[in-house]
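**Student:** I have a structure I would like to understand better, so I am pasting it below and will then ask my questions one at a time.
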Amino acid sequence: MRSGRGPERPNCDRATIRPELGHNLGVHSDPAEAYRTRLSQRRATHERLTQIDRQFSYARLGIFGLGVLIAVAAWQQVLSSWLLVLPVAAFIVLVRRHERVIRQRDEAARAIAFYERGLARIEDRWPGTGEPGDRFRDDNHLYANDLDLFGPGSLFELLSIARTRAGETTLARWLTAPAAPADIATRQEAVAEFASLLDLREQLSMAGSDVAAGVHETELISWAEEPATLRPPVARWIAAALTASVVVTGVMWLSGGSEGPLQIALAIQVGFAWPMQRRVERALHRAAAAARDLDTLGHLLEKLEQQQFSTPRLRLLRQAIETGDARASSAIRFLHQLVEMHDWQHNLIFLIISLPFLWGTHLAWAIEAWHARHGRHIRRWLEAVAEFEALSSLSAYTFEHPRDPFPEIATSDATALFDGHELGHPLLPEARCVRNDVRLDESHRLFVISGSNMSGKSTLLRTVGINAVLAQAGAPVRAASLRLSPLQVGATLRIQDSLQEGRSRFYAEITRVRKLADVARGSTPLLFLLDELFHGTNSHDRLIGASGVLRSLLDRGAIGLITTHDLALTSIARALAPRAVNVHFEDWFESGEIHFDYRMKSGPVTRSNAIALMRAVGLDVPGESDDARTT
């Protein structure tokens with residue numbers, strides 16, 4: 001066992017899976033300076049484009065005014081009406097160029113937000129600036145709530161820079177389910193390469209709209225994999241023939257011929273189109289919703305298609321978004337154009353003109369053809385982009401915390417291992433983060449942690465747990481080094497009672513502990529983190545119950561930590577020695593104030609601060625002296 005900043009770790013000869021990544025090789029040595037430099041550049045670009053935007057607005061207004069003057073002059077026969085072509089053409093050119101400037105300005109604004117949030121993470125000002133991932137909260141998960149994985153100020157908010165809901169879902173899944181060692185190794189390689197691609201991460205951050213309005217993967221995949229809406233296929237060619245007949249008879253009528261053939265052609269067309277109108281409208285409506293969802297995906301795919309990768313995992317993901325003869329982003333752009341062409345019918349004049357030509361029907365069939373060709377690829381595009389975004393999120397953390405190393409995953413021995421040197425909590429500001437060493441192995445499988453309120457016991461449990469989560473997600477860890485075997489994590493730090501379910505906290509706790517006991521029977525060892533074990537019952541039953549449960553967990557190969565205020569429970573370590581040891585956190589009173597050093601020390605705690613703390617806040621507690629009582 002080591003405590004505080006103890007002696008050097010003993011060498012281990014187990015085989016490990018860990019890429020030779022060092023301390024995040026290729027990552028900028030001063031990420032804050034890199035962000036500040038780029039932030040200054042993007043702000044200058046945004047200001048310049050804002051000025052150009054203003055100039056284009058004035059120019060458009062001037063050209064419009066000139067066009068009005070020419071129109072008035074032409075109406076009074078002072079100038080030729082052909083001169084109106086000049087301001088109209090100039091206005092169209094200005095509009096197109098103005099739109100490009102506005103798009104570039106908006107991209108610069110998103111880049112500014114990207115670097116501002118990155119600096120907030122580096123400077124520990126990030127809580128409340130990102131997506132908290134509340135939709136992933138699960139009270140029944142074995143550790144998600146206990147380790148603050150989701151919600152305001154959570155690990156998810158610190159990590160996620162995903163632009164799509166699918167990317168968020170993938171990152172959440174990685175945090176809530178440990179990966180296989182081989183998978184961890186490939187993620188580490190990919191994250192290390194992605195960390196050096198700051199330009200790509202910036203470009204991905206500028207793609208599309210906010211996550212709340214981004215890709216809804218369930219609905220999109222449902223549309224992509226549903227059967228064809230329009231049938232039979234020959235109807236498409238019948239529609240084309242009918243439109244051609246209307247054009248031909250219309251030209252004949254305009255050339256002085258009889259209107260009868262045109263009327264017959266229109267009547268046949270109505271008889272053909274009316275029975276399938278609902279299916280046409282459904283196909284167009286569903287495609288419009290899909291095109292909106294695909295817009296964000298298309299922007300992301302376009303950026304990724306332009307990037308070449310070297311690590312195997314990223315290269316495989318890059319191949320997954322390829323569709324043969326057509327680029328995924330180009331295919332999505334074409335669908336978007338089809339939907340836009342349908343939107344033209346929202347203009348009443350265009351609607352009247354387009355009806356005789358079966359405009360909506362032809363667009364619906366074109367969308368059906370697109371669906372038949374590309375629909376089967378959408379799930380693969382989504383999965384690839386989602387994994388890219390999850391890797392990008394982990395790589396941003398890697399870039400912003402160059403001192404945090406990738407962990408080593410020991411795989412050749414089934415014995416549980418967690419060996420962390422200078423472990424810190426990644427959600428705590430670096431200035432307030434006190435680091436401790438924790439080694440759990442075959443010799444010492446359990447730490448019984450005693451100490452007063454606020455001394456750091458629960459924080460140590462969370463520190464161990466959250467670093468195990470990061471390690472098995474493929475991310476760097478907040479430590480000088482960490483070596484661990486594959487572990488299943490389980491905790492009881494946030495167990496609550498439930499008035500609606502009629503469940504006490506004690507019942508909720510023993511139910512969770514039962515689940516952890518079941519997990520411990522599996523092939524992967526359990527890392528358990530039990531806060532104030534069974535404190536909802538009397539001391540006698542608590543001691544007997546805790547001793548039995550912990551002995552059973554250790555017999556099944558589990559490792560872990562428990563905390564306690566009840567000094568009677570420190571006897572558990574003696575009963576389970578040498579597999580269990582006592583450690584503690586200290587506190588002391590000075591000038592009426594309580595102080596902590598948050599460093600783990602050997603042995604059980606020998607002092608209690610409860611009486612002194614009650615007196616410090618003004619409670620009238622009789623009996624003992626003002627000094628803390630020795631136990």
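So you can find residues: chains in the structure tokens are A, B, ... in the order shown, residues in each start at 1, and ligands are numbered from 1 in order.
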Just the residues within 9 Å of stretch 60-75 of chain A, please, counting only C-alpha atoms, with nothing from its chain fewer than 4 positions along; format it as a list in words.
**Tutor:**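 These residues fall inside the cut-off: Gln55, Phe56, Leu79, Ser80, Ser81, Trp82, Leu83, Leu84, Val85, Leu86, Pro87, Val88, Ala90, Phe91, Leu94 and Val95 of chain A.
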**Student:** Using only C-alpha atoms, which residues sit within 12 Å of A:Gln51 once same-chain residues fewer than 4 positions away are excluded, as a VMD selection string?
**Tutor:** chain A and resid 44 to 47 55 to 58 98 101 to 102 105
**Student:** Can I get the selection written as a PDB file, in the first residue's frame, with N, CA and C atoms?
**Tutor:**
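File out08.pdb, as written:
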ATOM      1  N   ALA A  44     -10.421  38.427 -35.060  1.00  0.00           N
ATOM      2  CA  ALA A  44     -10.061  39.413 -36.084  1.00  0.00           C
ATOM      3  C   ALA A  44     -10.786  39.104 -37.389  1.00  0.00           C
ATOM      4  N   THR A  45     -10.863  37.811 -37.734  1.00  0.00           N
ATOM      5  CA  THR A  45     -11.580  37.412 -38.948  1.00  0.00           C
ATOM      6  C   THR A  45     -13.060  37.751 -38.840  1.00  0.00           C
ATOM      7  N   HIS A  46     -13.633  37.489 -37.689  1.00  0.00           N
ATOM      8  CA  HIS A  46     -15.066  37.776 -37.500  1.00  0.00           C
ATOM      9  C   HIS A  46     -15.329  39.272 -37.619  1.00  0.00           C
ATOM     10  N   GLU A  47     -14.460  40.100 -37.045  1.00  0.00           N
ATOM     11  CA  GLU A  47     -14.636  41.554 -37.132  1.00  0.00           C
ATOM     12  C   GLU A  47     -14.513  42.024 -38.576  1.00  0.00           C
ATOM     13  N   GLN A  55     -20.762  46.404 -45.462  1.00  0.00           N
ATOM     14  CA  GLN A  55     -20.526  47.034 -46.764  1.00  0.00           C
ATOM     15  C   GLN A  55     -21.413  46.422 -47.847  1.00  0.00           C
ATOM     16  N   PHE A  56     -21.565  45.108 -47.828  1.00  0.00           N
ATOM     17  CA  PHE A  56     -22.444  44.456 -48.800  1.00  0.00           C
ATOM     18  C   PHE A  56     -23.888  44.907 -48.605  1.00  0.00           C
ATOM     19  N   SER A  57     -24.300  45.078 -47.360  1.00  0.00           N
ATOM     20  CA  SER A  57     -25.673  45.531 -47.103  1.00  0.00           C
ATOM     21  C   SER A  57     -25.900  46.914 -47.701  1.00  0.00           C
ATOM     22  N   TYR A  58     -24.941  47.818 -47.505  1.00  0.00           N
ATOM     23  CA  TYR A  58     -25.058  49.149 -48.096  1.00  0.00           C
ATOM     24  C   TYR A  58     -25.042  49.080 -49.621  1.00  0.00           C
ATOM     25  N   HIS A  98     -22.668  38.034 -50.794  1.00  0.00           N
ATOM     26  CA  HIS A  98     -23.027  38.417 -49.433  1.00  0.00           C
ATOM     27  C   HIS A  98     -23.351  37.173 -48.603  1.00  0.00           C
ATOM     28  N   VAL A 101     -20.197  35.561 -47.498  1.00  0.00           N
ATOM     29  CA  VAL A 101     -19.570  36.305 -46.398  1.00  0.00           C
ATOM     30  C   VAL A 101     -20.289  36.015 -45.077  1.00  0.00           C
ATOM     31  N   ILE A 102     -21.611  35.992 -45.118  1.00  0.00           N
ATOM     32  CA  ILE A 102     -22.388  35.709 -43.901  1.00  0.00           C
ATOM     33  C   ILE A 102     -22.072  34.308 -43.389  1.00  0.00           C
ATOM     34  N   ARG A 105     -18.680  34.376 -41.830  1.00  0.00           N
ATOM     35  CA  ARG A 105     -18.731  35.076 -40.544  1.00  0.00           C
ATOM     36  C   ARG A 105     -19.324  34.183 -39.460  1.00  0.00           C
TER      37      ARG A 105
END
**Student:** DSSP on the backbone, then: every residue of stretch 195-329 of chain A marked helix (DSSP H, G or I), written as a PyMOL selection string.
**Tutor:** chain A and resi 195+198-205+211-213+217-224+234-254+260-305+312-320+328-329
**Student:** Those residues with C-alpha atoms, as a JSON list (two decimals), in the first residue's frame please?
**Tutor:**
[["chain", "number", "residue", "atom", "x", "y", "z"],
["A", 195, "ALA", "CA", -5.29, 15.26, -30.56],
["A", 198, "LEU", "CA", -6.54, 20.85, -34.13],
["A", 199, "ASP", "CA", -7.59, 22.21, -37.52],
["A", 200, "LEU", "CA", -9.90, 19.23, -38.06],
["A", 201, "ARG", "CA", -11.48, 19.55, -34.62],
["A", 202, "GLU", "CA", -12.10, 23.24, -35.29],
["A", 203, "GLN", "CA", -13.69, 22.44, -38.65],
["A", 204, "LEU", "CA", -15.92, 19.80, -37.09],
["A", 205, "SER", "CA", -17.03, 22.32, -34.46],
["A", 211, "VAL", "CA", -26.70, 19.68, -31.02],
["A", 212, "ALA", "CA", -30.28, 20.30, -29.85],
["A", 213, "ALA", "CA", -31.28, 20.82, -33.48],
["A", 217, "GLU", "CA", -30.52, 9.19, -35.42],
["A", 218, "THR", "CA", -33.53, 7.01, -34.56],
["A", 219, "GLU", "CA", -35.93, 8.82, -36.88],
["A", 220, "LEU", "CA", -33.29, 9.14, -39.59],
["A", 221, "ILE", "CA", -32.42, 5.43, -39.62],
["A", 222, "SER", "CA", -36.12, 4.57, -39.56],
["A", 223, "TRP", "CA", -36.60, 6.63, -42.74],
["A", 224, "ALA", "CA", -33.44, 5.30, -44.37],
["A", 234, "VAL", "CA", -43.08, 1.79, -63.87],
["A", 235, "ALA", "CA", -45.26, 4.63, -62.55],
["A", 236, "ARG", "CA", -42.20, 6.90, -62.66],
["A", 237, "TRP", "CA", -41.90, 6.46, -66.40],
["A", 238, "ILE", "CA", -45.65, 6.86, -66.88],
["A", 239, "ALA", "CA", -45.40, 10.20, -65.02],
["A", 240, "ALA", "CA", -42.54, 11.26, -67.29],
["A", 241, "ALA", "CA", -44.57, 10.33, -70.39],
["A", 242, "LEU", "CA", -47.60, 12.26, -69.13],
["A", 243, "THR", "CA", -45.50, 15.38, -68.44],
["A", 244, "ALA", "CA", -44.01, 15.10, -71.95],
["A", 245, "SER", "CA", -47.50, 14.85, -73.43],
["A", 246, "VAL", "CA", -48.58, 18.00, -71.57],
["A", 247, "VAL", "CA", -45.52, 19.86, -72.85],
["A", 248, "VAL", "CA", -46.09, 18.72, -76.45],
["A", 249, "THR", "CA", -49.84, 19.45, -76.50],
["A", 250, "GLY", "CA", -49.22, 22.74, -74.73],
["A", 251, "VAL", "CA", -46.74, 23.83, -77.38],
["A", 252, "MET", "CA", -49.19, 22.77, -80.08],
["A", 253, "TRP", "CA", -51.94, 24.83, -78.47],
["A", 254, "LEU", "CA", -49.70, 27.90, -78.12],
["A", 260, "GLY", "CA", -58.54, 19.60, -76.99],
["A", 261, "PRO", "CA", -55.38, 17.44, -76.90],
["A", 262, "LEU", "CA", -54.01, 19.54, -74.04],
["A", 263, "GLN", "CA", -57.23, 19.13, -72.06],
["A", 264, "ILE", "CA", -57.19, 15.38, -72.64],
["A", 265, "ALA", "CA", -53.54, 15.16, -71.54],
["A", 266, "LEU", "CA", -54.28, 17.17, -68.38],
["A", 267, "ALA", "CA", -57.33, 15.02, -67.58],
["A", 268, "ILE", "CA", -55.32, 11.81, -67.93],
["A", 269, "GLN", "CA", -52.58, 13.34, -65.79],
["A", 270, "VAL", "CA", -55.03, 14.22, -63.01],
["A", 271, "GLY", "CA", -56.49, 10.71, -63.10],
["A", 272, "PHE", "CA", -53.00, 9.28, -62.77],
["A", 273, "ALA", "CA", -51.71, 11.62, -60.05],
["A", 274, "TRP", "CA", -54.72, 11.84, -57.76],
["A", 275, "PRO", "CA", -54.70, 8.23, -56.39],
["A", 276, "MET", "CA", -51.00, 8.42, -55.47],
["A", 277, "GLN", "CA", -51.05, 12.00, -54.12],
["A", 278, "ARG", "CA", -50.93, 10.97, -50.46],
["A", 279, "ARG", "CA", -47.95, 8.70, -51.04],
["A", 280, "VAL", "CA", -46.17, 11.47, -52.95],
["A", 281, "GLU", "CA", -46.80, 13.97, -50.15],
["A", 282, "ARG", "CA", -45.63, 11.45, -47.53],
["A", 283, "ALA", "CA", -42.43, 10.74, -49.45],
["A", 284, "LEU", "CA", -41.69, 14.46, -49.80],
["A", 285, "HIS", "CA", -42.49, 15.25, -46.16],
["A", 286, "ARG", "CA", -40.37, 12.39, -44.80],
["A", 287, "ALA", "CA", -37.48, 13.35, -47.06],
["A", 288, "ALA", "CA", -37.64, 16.98, -45.89],
["A", 289, "ALA", "CA", -37.28, 15.90, -42.26],
["A", 290, "ALA", "CA", -34.45, 13.53, -43.17],
["A", 291, "ALA", "CA", -32.66, 16.22, -45.19],
["A", 292, "ARG", "CA", -32.71, 18.58, -42.21],
["A", 293, "ASP", "CA", -31.16, 15.88, -40.02],
["A", 294, "LEU", "CA", -28.64, 14.98, -42.70],
["A", 295, "ASP", "CA", -27.52, 18.60, -43.07],
["A", 296, "THR", "CA", -25.33, 18.46, -39.94],
["A", 297, "LEU", "CA", -24.15, 14.98, -40.87],
["A", 298, "GLY", "CA", -23.23, 16.13, -44.38],
["A", 299, "HIS", "CA", -21.09, 18.98, -43.11],
["A", 300, "LEU", "CA", -19.24, 16.62, -40.77],
["A", 301, "LEU", "CA", -18.76, 14.02, -43.51],
["A", 302, "GLU", "CA", -17.38, 16.63, -45.88],
["A", 303, "LYS", "CA", -14.68, 17.61, -43.37],
["A", 304, "LEU", "CA", -13.79, 14.00, -42.63],
["A", 305, "GLU", "CA", -13.64, 13.05, -46.32],
["A", 312, "PRO", "CA", -5.82, 1.81, -38.25],
["A", 313, "ARG", "CA", -9.01, 2.71, -36.36],
["A", 314, "LEU", "CA", -9.32, 6.15, -37.96],
["A", 315, "ARG", "CA", -8.55, 4.75, -41.40],
["A", 316, "LEU", "CA", -11.28, 2.13, -41.01],
["A", 317, "LEU", "CA", -13.75, 4.82, -39.95],
["A", 318, "ARG", "CA", -12.69, 6.92, -42.93],
["A", 319, "GLN", "CA", -13.41, 3.96, -45.22],
["A", 320, "ALA", "CA", -16.83, 3.48, -43.62],
["A", 328, "ALA", "CA", -21.33, 10.73, -48.89],
["A", 329, "SER", "CA", -21.34, 14.52, -48.50]]
**Student:** Fewer than 3 positions away in the same chain doesn't count, so skip those; otherwise give me all residues within 8 Å of A:Phe194, counting only C-alpha atoms, as a short mmCIF file (atom, residue, chain, number, x, y, z; two decimals) with N, CA, C and O atoms, in the first residue's frame.
**Tutor:**
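around.cif written:
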data_model
loop_
_atom_site.label_atom_id
_atom_site.label_comp_id
_atom_site.auth_asym_id
_atom_site.auth_seq_id
_atom_site.Cartn_x
_atom_site.Cartn_y
_atom_site.Cartn_z
N ALA A 190 -5.93 6.17 -31.75
CA ALA A 190 -6.74 7.11 -32.53
C ALA A 190 -6.85 8.46 -31.83
O ALA A 190 -6.75 9.52 -32.46
N VAL A 191 -7.04 8.44 -30.51
CA VAL A 191 -7.15 9.68 -29.74
C VAL A 191 -5.85 10.47 -29.82
O VAL A 191 -5.84 11.70 -29.98
N LEU A 197 -4.68 17.00 -34.44
CA LEU A 197 -5.41 17.54 -35.58
C LEU A 197 -6.33 18.67 -35.12
O LEU A 197 -7.56 18.58 -35.22
N LEU A 198 -5.74 19.74 -34.64
CA LEU A 198 -6.54 20.85 -34.13
C LEU A 198 -7.37 21.50 -35.22
O LEU A 198 -8.52 21.90 -34.99
N LEU A 391 -14.24 10.09 -30.41
CA LEU A 391 -12.78 10.16 -30.40
C LEU A 391 -12.31 11.62 -30.37
O LEU A 391 -11.32 11.95 -29.70
N SER A 392 -13.01 12.48 -31.10
CA SER A 392 -12.65 13.90 -31.10
C SER A 392 -12.82 14.50 -29.71
O SER A 392 -11.99 15.32 -29.26
N SER A 395 -9.98 13.36 -27.66
CA SER A 395 -8.74 13.98 -28.13
C SER A 395 -8.64 15.44 -27.68
O SER A 395 -7.55 15.94 -27.43
#
**Student:** Write out as a ChimeraX atom specification which residues come within 9 Å of stretch 460-471 of chain A when counting only C-alpha atoms, dropping same-chain ones fewer than 3 positions away.
**Tutor:** /A:143,146-149,155,174-178,184,406-409,418,420,423-426,436,438,456-457,474-479,482,484,487,489-491,493,527-531,560-563,600
**Student:** Would you mind exporting N, CA and C atoms of the selected residues as a compact mmCIF listing (two decimals), in the first residue's frame?
**Tutor:**
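And here is the file that came out, again17.txt:
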# COMPACT_ATOMS: atom_id res chain seq x y z
N TYR A 143 -22.71 2.92 -11.56
CA TYR A 143 -21.77 3.95 -11.12
C TYR A 143 -21.97 5.32 -11.78
N ASP A 146 -23.09 7.97 -9.34
CA ASP A 146 -22.16 8.02 -8.21
C ASP A 146 -20.86 8.75 -8.58
N LEU A 147 -20.45 8.65 -9.84
CA LEU A 147 -19.19 9.24 -10.27
C LEU A 147 -19.39 10.52 -11.07
N ASP A 148 -20.61 11.06 -11.09
CA ASP A 148 -20.91 12.33 -11.76
C ASP A 148 -20.56 12.28 -13.24
N LEU A 149 -21.02 11.22 -13.90
CA LEU A 149 -20.74 11.11 -15.33
C LEU A 149 -21.61 12.03 -16.16
N LEU A 155 -18.54 14.77 -15.91
CA LEU A 155 -17.46 14.34 -16.80
C LEU A 155 -17.90 14.47 -18.26
N TRP A 174 -19.41 4.79 -24.15
CA TRP A 174 -18.03 4.49 -23.78
C TRP A 174 -17.78 4.74 -22.30
N LEU A 175 -18.45 5.76 -21.74
CA LEU A 175 -18.25 6.08 -20.33
C LEU A 175 -19.00 5.12 -19.40
N THR A 176 -20.03 4.50 -19.89
CA THR A 176 -20.87 3.67 -19.02
C THR A 176 -20.64 2.18 -19.21
N ALA A 177 -19.77 1.80 -20.13
CA ALA A 177 -19.47 0.37 -20.35
C ALA A 177 -17.99 0.25 -20.69
N PRO A 178 -17.20 -0.45 -19.86
CA PRO A 178 -15.76 -0.57 -20.14
C PRO A 178 -15.51 -1.33 -21.44
N ILE A 184 -9.49 -0.67 -26.24
CA ILE A 184 -8.89 0.47 -25.54
C ILE A 184 -7.61 0.90 -26.24
N PHE A 406 -1.85 8.33 -20.92
CA PHE A 406 -2.71 7.18 -21.17
C PHE A 406 -2.34 6.08 -20.17
N PRO A 407 -3.32 5.35 -19.68
CA PRO A 407 -3.04 4.28 -18.71
C PRO A 407 -2.50 3.03 -19.41
N GLU A 408 -1.95 2.15 -18.61
CA GLU A 408 -1.53 0.83 -19.08
C GLU A 408 -2.59 -0.19 -18.67
N ILE A 409 -2.96 -1.05 -19.60
CA ILE A 409 -3.97 -2.07 -19.32
C ILE A 409 -3.28 -3.42 -19.23
N PHE A 418 -5.32 -2.29 -9.60
CA PHE A 418 -5.48 -0.85 -9.81
C PHE A 418 -4.30 -0.18 -9.14
N GLY A 420 -2.42 3.31 -9.15
CA GLY A 420 -2.37 4.70 -9.58
C GLY A 420 -1.39 5.52 -8.76
N LEU A 423 -2.89 10.14 -8.16
CA LEU A 423 -4.24 10.22 -8.73
C LEU A 423 -4.90 11.53 -8.33
N GLY A 424 -5.54 12.16 -9.31
CA GLY A 424 -6.33 13.36 -9.05
C GLY A 424 -7.70 13.24 -9.69
N HIS A 425 -8.62 14.08 -9.26
CA HIS A 425 -9.98 14.06 -9.81
C HIS A 425 -10.06 15.06 -10.96
N PRO A 426 -10.44 14.62 -12.18
CA PRO A 426 -10.44 15.52 -13.34
C PRO A 426 -11.48 16.62 -13.29
N ASN A 436 -3.27 11.58 -4.53
CA ASN A 436 -2.89 10.47 -3.66
C ASN A 436 -2.53 9.25 -4.49
N VAL A 438 -2.79 5.16 -4.91
CA VAL A 438 -3.66 4.03 -4.53
C VAL A 438 -3.19 2.80 -5.29
N GLY A 456 -12.13 14.15 2.70
CA GLY A 456 -11.68 13.67 1.40
C GLY A 456 -11.94 12.21 1.13
N LYS A 457 -12.67 11.52 2.03
CA LYS A 457 -12.89 10.09 1.84
C LYS A 457 -13.68 9.80 0.57
N GLY A 474 -10.71 4.62 -23.08
CA GLY A 474 -9.67 4.92 -24.05
C GLY A 474 -9.10 6.31 -23.91
N ALA A 475 -9.37 6.99 -22.78
CA ALA A 475 -8.94 8.37 -22.57
C ALA A 475 -7.72 8.43 -21.67
N PRO A 476 -7.03 9.57 -21.65
CA PRO A 476 -5.99 9.79 -20.63
C PRO A 476 -6.62 9.86 -19.25
N VAL A 477 -5.79 9.76 -18.22
CA VAL A 477 -6.27 9.78 -16.84
C VAL A 477 -5.57 10.90 -16.08
N ARG A 478 -6.23 11.37 -15.02
CA ARG A 478 -5.64 12.41 -14.17
C ARG A 478 -4.74 11.73 -13.14
N ALA A 479 -3.49 11.51 -13.52
CA ALA A 479 -2.54 10.82 -12.65
C ALA A 479 -1.14 11.00 -13.23
N LEU A 482 -1.01 5.31 -14.33
CA LEU A 482 -2.05 4.38 -13.87
C LEU A 482 -1.89 3.08 -14.63
N LEU A 484 -3.80 -0.72 -14.68
CA LEU A 484 -4.94 -1.46 -14.15
C LEU A 484 -5.29 -2.62 -15.05
N LEU A 487 -11.61 -4.05 -15.43
CA LEU A 487 -12.40 -4.01 -14.20
C LEU A 487 -13.84 -3.62 -14.51
N VAL A 489 -16.82 -1.64 -12.70
CA VAL A 489 -16.90 -0.65 -11.63
C VAL A 489 -18.31 -0.64 -11.04
N GLY A 490 -18.40 -0.53 -9.72
CA GLY A 490 -19.68 -0.39 -9.05
C GLY A 490 -19.52 0.48 -7.81
N ALA A 491 -20.53 1.31 -7.52
CA ALA A 491 -20.39 2.27 -6.42
C ALA A 491 -21.72 2.50 -5.72
N LEU A 493 -22.16 5.74 -3.91
CA LEU A 493 -21.93 7.08 -3.38
C LEU A 493 -23.16 7.97 -3.45
N LEU A 527 -14.35 -3.66 -9.27
CA LEU A 527 -13.78 -2.57 -8.46
C LEU A 527 -14.96 -1.91 -7.75
N PHE A 528 -15.09 -2.13 -6.44
CA PHE A 528 -16.23 -1.60 -5.70
C PHE A 528 -15.81 -0.37 -4.90
N LEU A 529 -16.73 0.60 -4.83
CA LEU A 529 -16.49 1.87 -4.14
C LEU A 529 -17.72 2.13 -3.27
N LEU A 530 -17.63 1.78 -1.99
CA LEU A 530 -18.78 1.78 -1.10
C LEU A 530 -18.63 2.89 -0.07
N ASP A 531 -19.51 3.85 -0.12
CA ASP A 531 -19.44 5.02 0.76
C ASP A 531 -20.35 4.81 1.97
N GLY A 560 -11.39 -3.03 -3.89
CA GLY A 560 -12.18 -1.83 -3.71
C GLY A 560 -11.84 -1.04 -2.47
N LEU A 561 -12.66 0.00 -2.24
CA LEU A 561 -12.50 0.89 -1.12
C LEU A 561 -13.85 1.11 -0.46
N ILE A 562 -13.84 1.21 0.87
CA ILE A 562 -15.04 1.61 1.59
C ILE A 562 -14.68 2.75 2.54
N THR A 563 -15.66 3.61 2.81
CA THR A 563 -15.45 4.68 3.78
C THR A 563 -16.36 4.46 4.98
N MET A 600 -4.09 10.83 2.07
CA MET A 600 -4.37 9.54 2.68
C MET A 600 -3.16 9.05 3.47
**Student:** Distance atom CA of A:Asp404-atom CA of A:Leu171, one decimal place?
**Tutor:**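 Going from atom CA of A:Asp404 over to atom CA of A:Leu171 covers 19.2 Å.
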